[in-house]
file protein.cif (mmCIF, C-alpha atoms)
data_coords
#
loop_
_atom_site.label_atom_id
_atom_site.label_comp_id
_atom_site.auth_asym_id
_atom_site.auth_seq_id
_atom_site.Cartn_x
_atom_site.Cartn_y
_atom_site.Cartn_z
CA MET L 1 128.45 5.73 47.71
CA LYS L 2 125.19 4.05 48.79
CA LYS L 3 123.73 4.53 45.28
CA SER L 4 126.84 2.93 43.71
CA LEU L 5 126.59 -0.06 46.03
CA LEU L 6 122.87 -0.45 45.25
CA ALA L 7 123.54 -0.39 41.49
CA LEU L 8 126.34 -2.94 41.90
CA ALA L 9 124.11 -5.20 43.97
CA THR L 10 121.34 -4.99 41.37
CA LEU L 11 123.66 -5.99 38.54
CA SER L 12 125.23 -8.71 40.67
CA ALA L 13 121.79 -10.25 41.17
CA PHE L 14 121.81 -11.05 37.46
CA ALA L 15 124.99 -12.98 37.87
CA GLY L 16 125.62 -14.48 34.54
CA THR L 17 124.45 -12.64 31.50
CA ALA L 18 123.91 -9.27 29.88
CA TYR L 19 123.11 -9.55 26.19
CA ALA L 20 121.17 -8.14 23.26
CA ASP L 21 118.42 -10.46 22.05
CA ASP L 22 116.09 -9.47 19.19
CA GLY L 23 116.91 -5.82 19.76
CA LEU L 24 116.36 -5.98 23.53
CA PHE L 25 119.04 -5.35 26.16
CA THR L 26 118.47 -8.12 28.66
CA LEU L 27 119.82 -9.04 32.08
CA LYS L 28 119.33 -12.66 33.06
CA ASN L 29 120.18 -15.17 35.73
CA ASP L 30 118.90 -18.69 36.35
CA ASP L 31 115.26 -17.78 37.09
CA THR L 32 114.88 -14.04 36.40
CA THR L 33 114.90 -11.97 33.21
CA LEU L 34 114.70 -8.18 32.92
CA SER L 35 114.61 -6.43 29.54
CA LEU L 36 114.78 -2.80 28.43
CA TYR L 37 113.34 -2.20 24.97
CA GLY L 38 111.99 0.57 22.81
CA VAL L 39 111.30 2.20 19.46
CA LEU L 40 112.55 5.52 18.12
CA ASP L 41 110.63 6.61 15.01
CA ALA L 42 111.03 10.00 13.32
CA ALA L 43 109.86 11.17 9.90
CA TYR L 44 109.47 14.23 7.74
CA GLY L 45 105.91 14.42 6.49
CA SER L 46 103.43 16.54 4.60
CA VAL L 47 99.64 16.57 4.25
CA ASN L 48 97.63 18.71 1.82
CA HIS L 49 94.77 19.62 4.20
CA SER L 50 95.32 19.71 7.95
CA TYR L 51 95.24 21.79 11.09
CA GLY L 52 98.66 22.38 12.64
CA LEU L 53 100.60 19.16 13.17
CA ASN L 54 100.68 18.70 16.93
CA ASN L 55 103.50 17.24 19.02
CA THR L 56 101.21 15.82 21.69
CA MET L 57 99.27 12.98 20.07
CA PRO L 58 101.09 9.75 19.15
CA ASN L 59 100.26 10.35 15.46
CA GLN L 60 100.82 14.04 14.70
CA MET L 61 99.74 13.69 11.07
CA TYR L 62 96.12 12.48 10.97
CA SER L 63 95.06 12.23 7.33
CA TYR L 64 92.06 10.02 8.15
CA LEU L 65 90.51 12.64 10.44
CA GLY L 66 88.01 14.86 8.64
CA GLN L 67 88.92 18.41 9.66
CA PRO L 68 86.18 20.97 8.95
CA ALA L 69 86.70 24.52 7.77
CA VAL L 70 87.44 27.21 10.35
CA ASN L 71 85.73 30.58 9.70
CA GLY L 72 84.72 29.26 6.29
CA VAL L 73 88.27 28.32 5.26
CA ILE L 74 89.23 24.69 4.62
CA PRO L 75 92.66 24.07 6.21
CA GLY L 76 95.68 24.12 3.93
CA SER L 77 98.85 22.04 3.75
CA GLN L 78 101.19 21.28 6.64
CA THR L 79 104.78 19.99 6.53
CA ALA L 80 106.91 19.15 9.55
CA ALA L 81 109.15 16.66 11.31
CA ILE L 82 106.81 14.17 13.00
CA ASN L 83 106.86 11.35 15.50
CA GLY L 84 105.89 7.80 14.62
CA GLY L 85 105.54 7.46 10.87
CA LEU L 86 105.38 3.69 11.38
CA SER L 87 105.33 3.25 15.17
CA ASP L 88 104.77 5.56 18.10
CA SER L 89 108.14 6.13 19.80
CA ARG L 90 108.26 4.27 23.10
CA TRP L 91 110.35 2.64 25.77
CA GLY L 92 109.49 -0.19 28.08
CA ILE L 93 110.63 -2.64 30.71
CA LYS L 94 109.45 -6.22 30.89
CA GLY L 95 110.53 -9.14 32.98
CA SER L 96 109.80 -12.55 34.39
CA LYS L 97 110.72 -14.65 37.41
CA VAL L 98 110.18 -18.36 37.99
CA ILE L 99 107.95 -18.75 41.05
CA ALA L 100 107.08 -22.45 40.81
CA ASP L 101 107.71 -25.44 38.59
CA GLY L 102 106.25 -24.48 35.18
CA MET L 103 105.05 -21.08 36.35
CA LYS L 104 106.58 -17.61 36.27
CA ALA L 105 105.56 -14.12 37.30
CA ILE L 106 105.60 -11.61 34.41
CA PHE L 107 105.19 -7.87 33.98
CA ASN L 108 105.34 -5.16 31.32
CA LEU L 109 105.54 -1.35 31.58
CA GLU L 110 105.48 0.67 28.34
CA SER L 111 105.54 4.44 27.81
CA GLY L 112 104.84 6.32 24.56
CA PHE L 113 106.46 9.67 23.81
CA ASP L 114 107.02 12.19 21.05
CA ILE L 115 110.57 11.99 19.74
CA THR L 116 110.42 15.62 18.52
CA ASN L 117 110.02 17.05 22.05
CA MET L 118 110.33 14.02 24.38
CA LYS L 119 106.89 14.63 25.94
CA LEU L 120 104.50 11.84 26.84
CA ASN L 121 101.69 11.06 24.39
CA SER L 122 98.60 13.01 25.45
CA ALA L 123 95.54 13.19 23.22
CA ALA L 124 93.74 14.98 26.05
CA GLY L 125 96.42 17.69 25.85
CA ALA L 126 95.76 18.16 22.13
CA LEU L 127 92.01 18.44 22.77
CA ALA L 128 92.65 21.06 25.47
CA GLN L 129 94.75 23.09 23.02
CA ASN L 130 91.71 23.29 20.73
CA SER L 131 89.23 24.14 23.51
CA GLY L 132 87.89 27.63 24.06
CA PRO L 133 86.60 30.49 21.89
CA GLY L 134 88.71 31.03 18.77
CA ARG L 135 90.83 27.91 19.29
CA ALA L 136 89.04 25.54 16.92
CA GLY L 137 91.49 24.14 14.39
CA THR L 138 94.60 25.12 16.36
CA VAL L 139 96.19 21.68 16.03
CA VAL L 140 95.19 18.17 14.97
CA ALA L 141 93.30 16.64 17.88
CA ALA L 142 91.27 13.51 18.63
CA ASP L 143 90.52 11.24 21.56
CA SER L 144 92.79 8.29 22.39
CA SER L 145 93.70 5.73 25.03
CA LEU L 146 97.01 7.63 25.48
CA ASN L 147 96.38 10.64 27.70
CA GLY L 148 99.57 11.67 29.46
CA GLY L 149 100.09 8.76 31.85
CA MET L 150 103.66 7.50 32.20
CA PHE L 151 102.70 3.94 31.24
CA ASP L 152 99.51 4.45 29.24
CA ARG L 153 100.63 2.03 26.53
CA ALA L 154 100.94 -0.91 28.94
CA ALA L 155 101.17 -1.48 32.67
CA TRP L 156 100.33 -5.00 33.71
CA ALA L 157 101.56 -7.92 35.78
CA GLY L 158 100.51 -11.54 36.14
CA VAL L 159 101.50 -15.16 35.79
CA ASP L 160 102.38 -17.38 32.84
CA ALA L 161 101.99 -21.16 33.01
CA SER L 162 101.13 -24.19 30.90
CA TRP L 163 97.43 -23.37 31.22
CA GLY L 164 97.88 -19.84 29.81
CA GLN L 165 98.65 -16.29 30.83
CA LEU L 166 96.64 -14.31 33.38
CA THR L 167 97.39 -10.57 33.81
CA TYR L 168 95.94 -7.46 35.44
CA GLY L 169 96.42 -3.76 34.62
CA THR L 170 96.44 -1.65 31.45
CA GLN L 171 96.55 -3.88 28.38
CA ASN L 172 95.23 -4.21 24.85
CA ASN L 173 91.59 -4.89 24.17
CA PRO L 174 91.55 -8.36 22.48
CA MET L 175 89.86 -6.71 19.50
CA LYS L 176 92.89 -4.43 19.14
CA ASP L 177 95.12 -7.52 19.14
CA ALA L 178 93.03 -9.11 16.38
CA ILE L 179 92.95 -6.08 14.08
CA GLY L 180 96.67 -5.53 14.62
CA MET L 181 97.41 -9.01 13.29
CA ASP L 182 95.35 -8.56 10.11
CA ASP L 183 95.90 -4.88 9.24
CA PRO L 184 97.60 -4.83 5.79
CA VAL L 185 99.57 -1.63 6.47
CA GLN L 186 101.21 -1.73 9.89
CA SER L 187 101.51 1.98 10.64
CA ASP L 188 100.35 4.34 13.39
CA THR L 189 100.17 7.22 10.89
CA PHE L 190 99.30 5.64 7.53
CA SER L 191 96.70 3.03 8.46
CA PRO L 192 93.29 4.23 9.69
CA PHE L 193 93.47 1.45 12.29
CA GLY L 194 96.77 2.85 13.55
CA GLU L 195 95.51 6.44 13.44
CA SER L 196 92.16 5.76 15.09
CA GLY L 197 91.68 3.59 18.16
CA THR L 198 87.93 3.91 17.53
CA TRP L 199 88.41 1.69 14.46
CA GLY L 200 91.64 -0.01 15.55
CA GLY L 201 90.31 -2.03 18.48
CA GLY L 202 88.09 0.18 20.63
CA ALA L 203 84.91 -0.93 18.82
CA GLY L 204 83.55 2.62 18.79
CA SER L 205 85.52 4.15 21.67
CA SER L 206 89.18 4.97 21.08
CA GLU L 207 89.74 5.05 24.84
CA GLN L 208 88.67 1.38 25.06
CA SER L 209 91.31 0.12 22.62
CA ARG L 210 93.39 -0.24 25.78
CA MET L 211 91.61 -1.53 28.85
CA HIS L 212 92.62 -0.05 32.22
CA HIS L 213 92.28 -1.85 35.57
CA SER L 214 91.42 -4.95 33.56
CA ILE L 215 91.99 -8.67 33.90
CA LYS L 216 92.99 -10.66 30.79
CA TYR L 217 93.39 -14.37 30.16
CA SER L 218 95.15 -15.76 27.06
CA THR L 219 95.83 -19.38 26.16
CA LYS L 220 96.69 -21.71 23.30
CA LEU L 221 93.95 -24.26 22.66
CA GLY L 222 95.95 -26.62 20.46
CA GLY L 223 95.64 -27.41 16.78
CA GLY L 224 96.61 -23.84 15.85
CA PHE L 225 93.80 -22.23 17.88
CA ASP L 226 94.22 -19.65 20.62
CA MET L 227 91.94 -17.30 22.54
CA SER L 228 91.89 -14.35 24.93
CA LEU L 229 89.26 -12.95 27.29
CA ALA L 230 89.32 -9.58 29.06
CA TYR L 231 87.20 -7.66 31.54
CA GLN L 232 87.64 -4.03 32.60
CA PHE L 233 86.28 -2.84 35.92
CA GLY L 234 84.55 0.50 35.30
CA ASN L 235 85.84 3.04 32.79
CA ASP L 236 88.49 5.78 32.66
CA ILE L 237 86.52 7.82 35.20
CA LYS L 238 86.23 5.29 38.02
CA THR L 239 86.23 1.55 38.58
CA ASN L 240 82.57 1.29 39.59
CA LEU L 241 81.12 3.20 36.63
CA GLY L 242 80.47 1.09 33.55
CA ARG L 243 82.52 -1.87 32.36
CA THR L 244 83.99 -3.54 29.25
CA TYR L 245 84.27 -7.18 28.32
CA ALA L 246 85.94 -8.47 25.18
CA ALA L 247 87.08 -11.73 23.60
CA ARG L 248 89.12 -13.02 20.67
CA VAL L 249 89.48 -16.45 19.06
CA GLY L 250 92.25 -17.05 16.53
CA TYR L 251 93.62 -19.76 14.28
CA ASP L 252 96.90 -19.98 12.38
CA ASN L 253 98.55 -22.95 10.64
CA GLY L 254 101.49 -21.06 9.14
CA THR L 255 99.85 -20.65 5.73
CA TYR L 256 96.55 -19.06 6.61
CA GLY L 257 94.88 -17.77 9.73
CA MET L 258 91.89 -15.88 11.00
CA ASN L 259 90.62 -13.88 13.97
CA ALA L 260 87.16 -13.20 15.33
CA SER L 261 86.69 -10.75 18.20
CA TYR L 262 83.97 -8.95 20.13
CA SER L 263 83.89 -5.99 22.53
CA ASN L 264 81.05 -4.61 24.65
CA THR L 265 81.35 -1.40 26.70
CA LYS L 266 78.90 0.18 29.11
CA ASP L 267 79.47 3.91 29.75
CA GLY L 268 82.46 4.17 27.39
CA VAL L 269 84.35 7.47 27.57
CA LEU L 270 84.51 9.68 24.45
CA ALA L 271 86.67 12.79 24.95
CA GLY L 272 86.35 15.95 22.86
CA THR L 273 86.96 19.69 22.74
CA SER L 274 84.86 22.24 24.62
CA ASN L 275 84.02 25.96 24.59
CA THR L 276 85.98 26.51 27.80
CA PHE L 277 89.68 27.38 27.59
CA ASP L 278 91.95 24.42 28.38
CA GLN L 279 89.08 22.18 29.45
CA ILE L 280 87.84 19.14 27.57
CA SER L 281 84.42 17.58 27.18
CA ILE L 282 83.60 14.03 28.21
CA ALA L 283 80.66 12.17 26.69
CA LEU L 284 79.53 8.67 27.60
CA SER L 285 78.18 6.06 25.21
CA ASP L 286 77.43 2.33 25.27
CA VAL L 287 79.35 0.71 22.40
CA THR L 288 79.30 -2.81 21.01
CA GLY L 289 81.35 -4.17 18.14
CA TYR L 290 82.83 -7.19 16.43
CA GLU L 291 85.30 -8.01 13.68
CA ILE L 292 86.32 -11.02 11.61
CA SER L 293 89.57 -10.98 9.68
CA GLY L 294 92.17 -13.23 8.15
CA HIS L 295 95.47 -13.59 6.36
CA TYR L 296 96.77 -15.97 3.70
CA LYS L 297 100.36 -16.60 2.68
CA VAL L 298 100.10 -16.75 -1.10
CA THR L 299 103.82 -17.33 -1.67
CA GLN L 300 106.91 -17.53 0.49
CA ASN L 301 107.32 -13.76 0.07
CA GLY L 302 103.77 -12.46 -0.10
CA GLN L 303 100.53 -12.51 1.87
CA ILE L 304 97.07 -11.00 1.66
CA LYS L 305 94.94 -9.72 4.54
CA ALA L 306 91.26 -8.86 4.72
CA GLY L 307 88.56 -8.20 7.27
CA TYR L 308 85.22 -6.70 8.27
CA GLU L 309 84.34 -4.68 11.37
CA HIS L 310 81.05 -3.36 12.72
CA PHE L 311 80.18 -1.39 15.84
CA THR L 312 77.23 0.56 17.23
CA ARG L 313 77.08 3.51 19.61
CA LYS L 314 73.96 4.20 21.65
CA ALA L 315 72.81 6.13 24.71
CA PRO L 316 74.89 5.40 27.83
CA SER L 317 73.56 3.50 30.79
CA ASP L 318 74.33 6.57 32.94
CA LEU L 319 73.20 9.71 31.13
CA SER L 320 75.01 12.24 33.32
CA VAL L 321 77.85 11.86 35.83
CA PRO L 322 79.50 14.66 37.88
CA LEU L 323 83.15 14.95 36.82
CA GLY L 324 85.52 17.77 37.70
CA SER L 325 88.65 16.55 35.92
CA ILE L 326 90.21 13.61 34.10
CA TRP L 327 93.78 12.91 32.93
CA GLY L 328 94.88 16.17 34.58
CA TYR L 329 92.45 18.39 32.63
CA GLY L 330 89.26 20.07 33.81
CA VAL L 331 85.96 18.88 32.38
CA ALA L 332 83.79 21.66 30.97
CA GLY L 333 80.64 22.09 33.00
CA GLY L 334 81.84 19.63 35.63
CA VAL L 335 79.62 16.88 34.27
CA THR L 336 79.60 14.28 31.48
CA SER L 337 77.31 14.55 28.48
CA ASN L 338 76.07 11.81 26.16
CA LYS L 339 76.33 11.25 22.43
CA PHE L 340 72.83 9.82 22.14
CA THR L 341 69.54 10.17 23.97
CA PRO L 342 67.71 6.97 24.97
CA GLY L 343 66.41 5.05 21.99
CA ASN L 344 68.89 6.57 19.52
CA SER L 345 72.01 4.98 18.07
CA GLN L 346 74.46 5.02 15.16
CA SER L 347 76.17 2.13 13.37
CA PHE L 348 79.60 2.04 11.71
CA SER L 349 81.29 -0.56 9.50
CA ALA L 350 84.58 -1.13 7.71
CA PHE L 351 85.91 -3.52 5.08
CA TRP L 352 89.60 -3.79 4.27
CA LEU L 353 91.79 -5.70 1.82
CA GLY L 354 95.51 -5.61 1.16
CA GLY L 355 98.78 -7.34 1.81
CA ASP L 356 102.53 -7.11 1.63
CA TYR L 357 105.35 -8.55 -0.48
CA ASN L 358 109.06 -9.07 0.20
CA PHE L 359 110.99 -8.14 -2.94
CA ARG L 360 114.12 -9.12 -1.03
CA SER L 361 114.76 -10.17 2.53
CA ASP L 362 115.36 -6.50 3.38
CA LEU L 363 112.74 -4.78 1.17
CA ASN L 364 108.99 -4.96 1.84
CA LEU L 365 105.99 -3.20 0.27
CA ALA L 366 102.63 -3.13 2.09
CA VAL L 367 99.46 -1.82 0.42
CA GLY L 368 95.90 -1.66 1.75
CA TYR L 369 92.45 -0.31 0.94
CA TYR L 370 90.04 0.53 3.77
CA ASP L 371 86.36 1.33 3.20
CA THR L 372 84.95 2.89 6.39
CA LYS L 373 81.32 3.96 6.63
CA GLN L 374 79.02 5.53 9.20
CA ASP L 375 75.26 5.21 8.87
CA ALA L 376 72.97 8.10 9.72
CA ALA L 377 72.19 8.25 13.43
CA THR L 378 68.56 7.60 14.27
CA ASN L 379 68.27 11.14 15.62
CA SER L 380 70.39 12.80 12.88
CA PRO L 381 69.43 11.80 9.31
CA THR L 382 72.28 13.79 7.73
CA SER L 383 75.12 12.21 9.73
CA ASP L 384 75.97 9.49 7.24
CA GLY L 385 79.40 9.46 5.64
CA LYS L 386 82.16 7.40 4.10
CA VAL L 387 85.96 7.55 4.02
CA GLY L 388 87.78 5.43 1.45
CA VAL L 389 91.49 5.06 2.20
CA TRP L 390 94.43 3.84 0.14
CA SER L 391 97.70 3.43 2.06
CA ALA L 392 101.16 2.10 1.24
CA VAL L 393 104.48 1.70 3.04
CA LEU L 394 107.80 0.77 1.40
CA LYS L 395 110.25 -0.35 4.07
CA TYR L 396 113.97 -1.06 3.75
CA ASN L 397 115.66 -2.92 6.60
CA LEU L 398 119.13 -1.33 6.58
CA THR L 399 120.31 -3.26 9.65
CA LYS L 400 118.52 -5.60 12.03
CA PRO L 401 117.22 -2.80 14.29
CA LEU L 402 116.97 0.01 11.70
CA ASP L 403 114.22 0.48 9.09
CA LEU L 404 114.08 3.26 6.50
CA TYR L 405 110.69 3.89 4.95
CA VAL L 406 108.55 5.88 2.53
CA ALA L 407 104.82 5.99 3.22
CA ALA L 408 101.74 7.56 1.61
CA THR L 409 97.98 7.66 2.07
CA THR L 410 95.00 9.21 0.32
CA ASN L 411 91.61 9.59 2.00
CA LYS L 412 88.43 10.37 0.07
CA PHE L 413 85.51 11.80 2.09
CA SER L 414 81.88 11.68 0.97
CA GLY L 415 78.34 11.73 2.34
CA ASN L 416 76.27 14.18 4.36
CA ALA L 417 78.73 14.12 7.26
CA TYR L 418 81.44 15.60 5.01
CA PRO L 419 79.87 18.33 2.81
CA ALA L 420 82.23 19.73 0.19
CA THR L 421 81.54 23.26 1.38
CA THR L 422 83.21 22.64 4.75
CA TYR L 423 85.43 19.55 4.27
CA ALA L 424 88.29 18.80 1.90
CA GLN L 425 87.07 15.84 -0.16
CA THR L 426 90.54 14.34 -0.67
CA VAL L 427 93.28 14.40 1.97
CA THR L 428 96.69 13.06 0.98
CA GLY L 429 99.75 12.63 3.15
CA TYR L 430 103.24 11.22 2.75
CA ALA L 431 106.43 10.90 4.77
CA VAL L 432 109.98 9.58 4.69
CA GLY L 433 111.47 8.36 7.93
CA ALA L 434 113.53 5.97 10.01
CA ARG L 435 112.60 3.59 12.81
CA TYR L 436 115.13 2.17 15.25
CA LYS L 437 114.14 -0.72 17.54
CA PHE L 438 116.19 -1.58 20.61
#
call {"tool": "encode", "arguments": {"input": "protein.cif", "output": "structure tokens"}}
result
Amino acid sequence: MKKSLLALATLSAFAGTAYADDGLFTLKNDDTTLSLYGVLDAAYGSVNHSYGLNNTMPNQMYSYLGQPAVNGVIPGSQTAAINGGLSDSRWGIKGSKVIADGMKAIFNLESGFDITNMKLNSAAGALAQNSGPGRAGTVVAADSSLNGGMFDRAAWAGVDASWGQLTYGTQNNPMKDAIGMDDPVQSDTFSPFGESGTWGGGAGSSEQSRMHHSIKYSTKLGGGFDMSLAYQFGNDIKTNLGRTYAARVGYDNGTYGMNASYSNTKDGVLAGTSNTFDQISIALSDVTGYEISGHYKVTQNGQIKAGYEHFTRKAPSDLSVPLGSIWGYGVAGGVTSNKFTPGNSQSFSAFWLGGDYNFRSDLNLAVGYYDTKQDAATNSPTSDGKVGVWSAVLKYNLTKPLDLYVAATTNKFSGNAYPATTYAQTVTGYAVGARYKF
């Protein structure tokens, strides 16, 4: 009875309106808005060379990830129902409340999950599955900013006013925002920027594509310009170890636009597998990166997008830190390692070009080419490599909230980091699926 009265009181507080707006179910009264939203995305996909398709990471099919041979055997094909062909499945709550004239309090909570088993996204879980003797190559695994937390995708609150928006919590690195705007193929599974947070906004650390316990300020500058600044206290281990600061400046006049962004991380976390069953490894690295990108509307129905990104990893400011566990998993050896010793570093760069075209109001084709390259590390002369990626997505908007799609990607690996004796030189994947937004 008490629960029924509480539910009635909650709904009564939003006295006037319950409606669907742009796919969101929203409750609203004079000064308060509360919205429930989400994405359900399922596909049937296949890839010609892959470890087992996992149901833990947000992108179960990871064609861009070079997967070495296990016991001298290059992995074969995998076919399965997968989560998130276009977008990681998710649900969220966001809201606002007027607190003063021209000012409102705002918040957003967003959770990513696998639609095939309804479990939370956890890259750390996938790494743990591959950790221990004889487990290498069990499933596709990589590090990520999504590691089993209920609201790892977003969890922030703040204020919005005429002078801009100021928020605190878990939120996108401004570099992730910039690349997301100018990525030709908007897909978590078929764009390397969607597959890899390292390239897609973390500037060398996938974990830093989303900034935890961070403060972020965004504002419109006028004349088509806008900007955002962000600072993260500490890293994923603790708030007084390391830090990240990042910035983005953008311009858009409706026909063409551009973004420039920068990210700098001290003691960035890089998770990996270990030789201990069910425990992961944690390395630290200082990473710095930037990108410049743009888009141009060639016709009413078509646009092109292009950009360049560069980042460098080097020895961390703190070479070794005691650490028993992180994200609910034990850390092998109880201490962090480091990717580079002092004085050593490695640089990475990417160029991309592509665009999309509306054949009809309900039919869109997006195509992109991505040239990603890693230079040889100063302490490892044979660590250079290149991955050239072609990706395409054909999307049919059946109804306002429902998209049907066909997607494909081919990834060509070359260089000393990907020898033909232990790596497949061409990895191709495709999928057909449906995405429902509410």
call {"tool": "residues_around", "arguments": {"input": "protein.cif", "residues": "Asp236 in chain L", "least_positions_apart": "5", "cutoff": "8 Å", "atoms": "only C-alpha atoms", "output": "number ranges by chain"}}
result
L: 207, 212, 269
call {"tool": "residues_near_point", "arguments": {"input": "protein.cif", "point": "(101.9, 9.1, 16.4)", "cutoff": "8 Å", "atoms": "all atoms listed in the file", "output": "VMD selection string"}}
result
chain L and resid 57 to 61 82 to 85 87 to 89 114 188 to 189 195
call {"tool": "closest_residue", "arguments": {"input": "protein.cif", "among": "L:Asp356, L:Asp183, L:Asp160, L:Asp278", "to": "Val393 in chain L", "atoms": "only C-alpha atoms"}}
result
L:Asp356
call {"tool": "closest_residue", "arguments": {"input": "protein.cif", "among": "L:Leu284, L:Met150, L:Leu120, L:Val427", "to": "Arg313 in chain L", "atoms": "all atoms listed in the file"}}
result
L:Leu284
call {"tool": "atom_distance", "arguments": {"input": "protein.cif", "atom1": "CA of Ala155 in chain L", "atom2": "CA of Asn54 in chain L"}}
result
25.6 Å
call {"tool": "build_atoms", "arguments": {"input": "protein.cif", "residues": "range 114-132 of chain L", "atoms": "N, CA and C atoms", "output": "mmCIF file, keeping the file's coordinate frame"}}
result
data_model
loop_
_atom_site.group_PDB
_atom_site.id
_atom_site.type_symbol
_atom_site.label_atom_id
_atom_site.label_comp_id
_atom_site.auth_asym_id
_atom_site.auth_seq_id
_atom_site.Cartn_x
_atom_site.Cartn_y
_atom_site.Cartn_z
ATOM 1 N N ASP L 114 106.768 11.511 22.315
ATOM 2 C CA ASP L 114 107.020 12.190 21.050
ATOM 3 C C ASP L 114 108.518 12.434 20.911
ATOM 4 N N ILE L 115 109.123 11.875 19.897
ATOM 5 C CA ILE L 115 110.570 11.990 19.740
ATOM 6 C C ILE L 115 110.990 13.425 19.383
ATOM 7 N N THR L 116 110.046 14.255 18.897
ATOM 8 C CA THR L 116 110.420 15.620 18.520
ATOM 9 C C THR L 116 110.531 16.555 19.724
ATOM 10 N N ASN L 117 109.904 16.189 20.855
ATOM 11 C CA ASN L 117 110.020 17.050 22.050
ATOM 12 C C ASN L 117 110.152 16.262 23.345
ATOM 13 N N MET L 118 110.144 14.921 23.244
ATOM 14 C CA MET L 118 110.330 14.020 24.380
ATOM 15 C C MET L 118 109.214 14.117 25.417
ATOM 16 N N LYS L 119 108.027 14.594 25.033
ATOM 17 C CA LYS L 119 106.890 14.630 25.940
ATOM 18 C C LYS L 119 106.056 13.362 25.789
ATOM 19 N N LEU L 120 105.370 12.999 26.874
ATOM 20 C CA LEU L 120 104.500 11.840 26.840
ATOM 21 C C LEU L 120 103.340 12.058 25.879
ATOM 22 N N ASN L 121 102.892 10.979 25.219
ATOM 23 C CA ASN L 121 101.690 11.060 24.390
ATOM 24 C C ASN L 121 100.510 11.540 25.225
ATOM 25 N N SER L 122 99.775 12.520 24.725
ATOM 26 C CA SER L 122 98.600 13.010 25.450
ATOM 27 C C SER L 122 97.575 13.560 24.473
ATOM 28 N N ALA L 123 96.626 12.714 24.071
ATOM 29 C CA ALA L 123 95.540 13.190 23.220
ATOM 30 C C ALA L 123 94.684 14.206 23.954
ATOM 31 N N ALA L 124 94.514 14.013 25.266
ATOM 32 C CA ALA L 124 93.740 14.980 26.050
ATOM 33 C C ALA L 124 94.377 16.360 25.987
ATOM 34 N N GLY L 125 95.726 16.410 25.977
ATOM 35 C CA GLY L 125 96.420 17.690 25.850
ATOM 36 C C GLY L 125 96.144 18.369 24.532
ATOM 37 N N ALA L 126 96.068 17.578 23.448
ATOM 38 C CA ALA L 126 95.760 18.160 22.130
ATOM 39 C C ALA L 126 94.325 18.688 22.100
ATOM 40 N N LEU L 127 93.393 17.957 22.703
ATOM 41 C CA LEU L 127 92.010 18.440 22.770
ATOM 42 C C LEU L 127 91.919 19.742 23.551
ATOM 43 N N ALA L 128 92.665 19.834 24.662
ATOM 44 C CA ALA L 128 92.650 21.060 25.470
ATOM 45 C C ALA L 128 93.195 22.250 24.696
ATOM 46 N N GLN L 129 94.210 22.006 23.831
ATOM 47 C CA GLN L 129 94.750 23.090 23.020
ATOM 48 C C GLN L 129 93.710 23.678 22.082
ATOM 49 N N ASN L 130 92.750 22.854 21.660
ATOM 50 C CA ASN L 130 91.710 23.290 20.730
ATOM 51 C C ASN L 130 90.442 23.760 21.429
ATOM 52 N N SER L 131 90.440 23.789 22.761
ATOM 53 C CA SER L 131 89.230 24.140 23.510
ATOM 54 C C SER L 131 89.213 25.624 23.876
ATOM 55 N N GLY L 132 88.052 26.224 23.731
ATOM 56 C CA GLY L 132 87.890 27.630 24.060
ATOM 57 C C GLY L 132 87.561 28.463 22.833
#
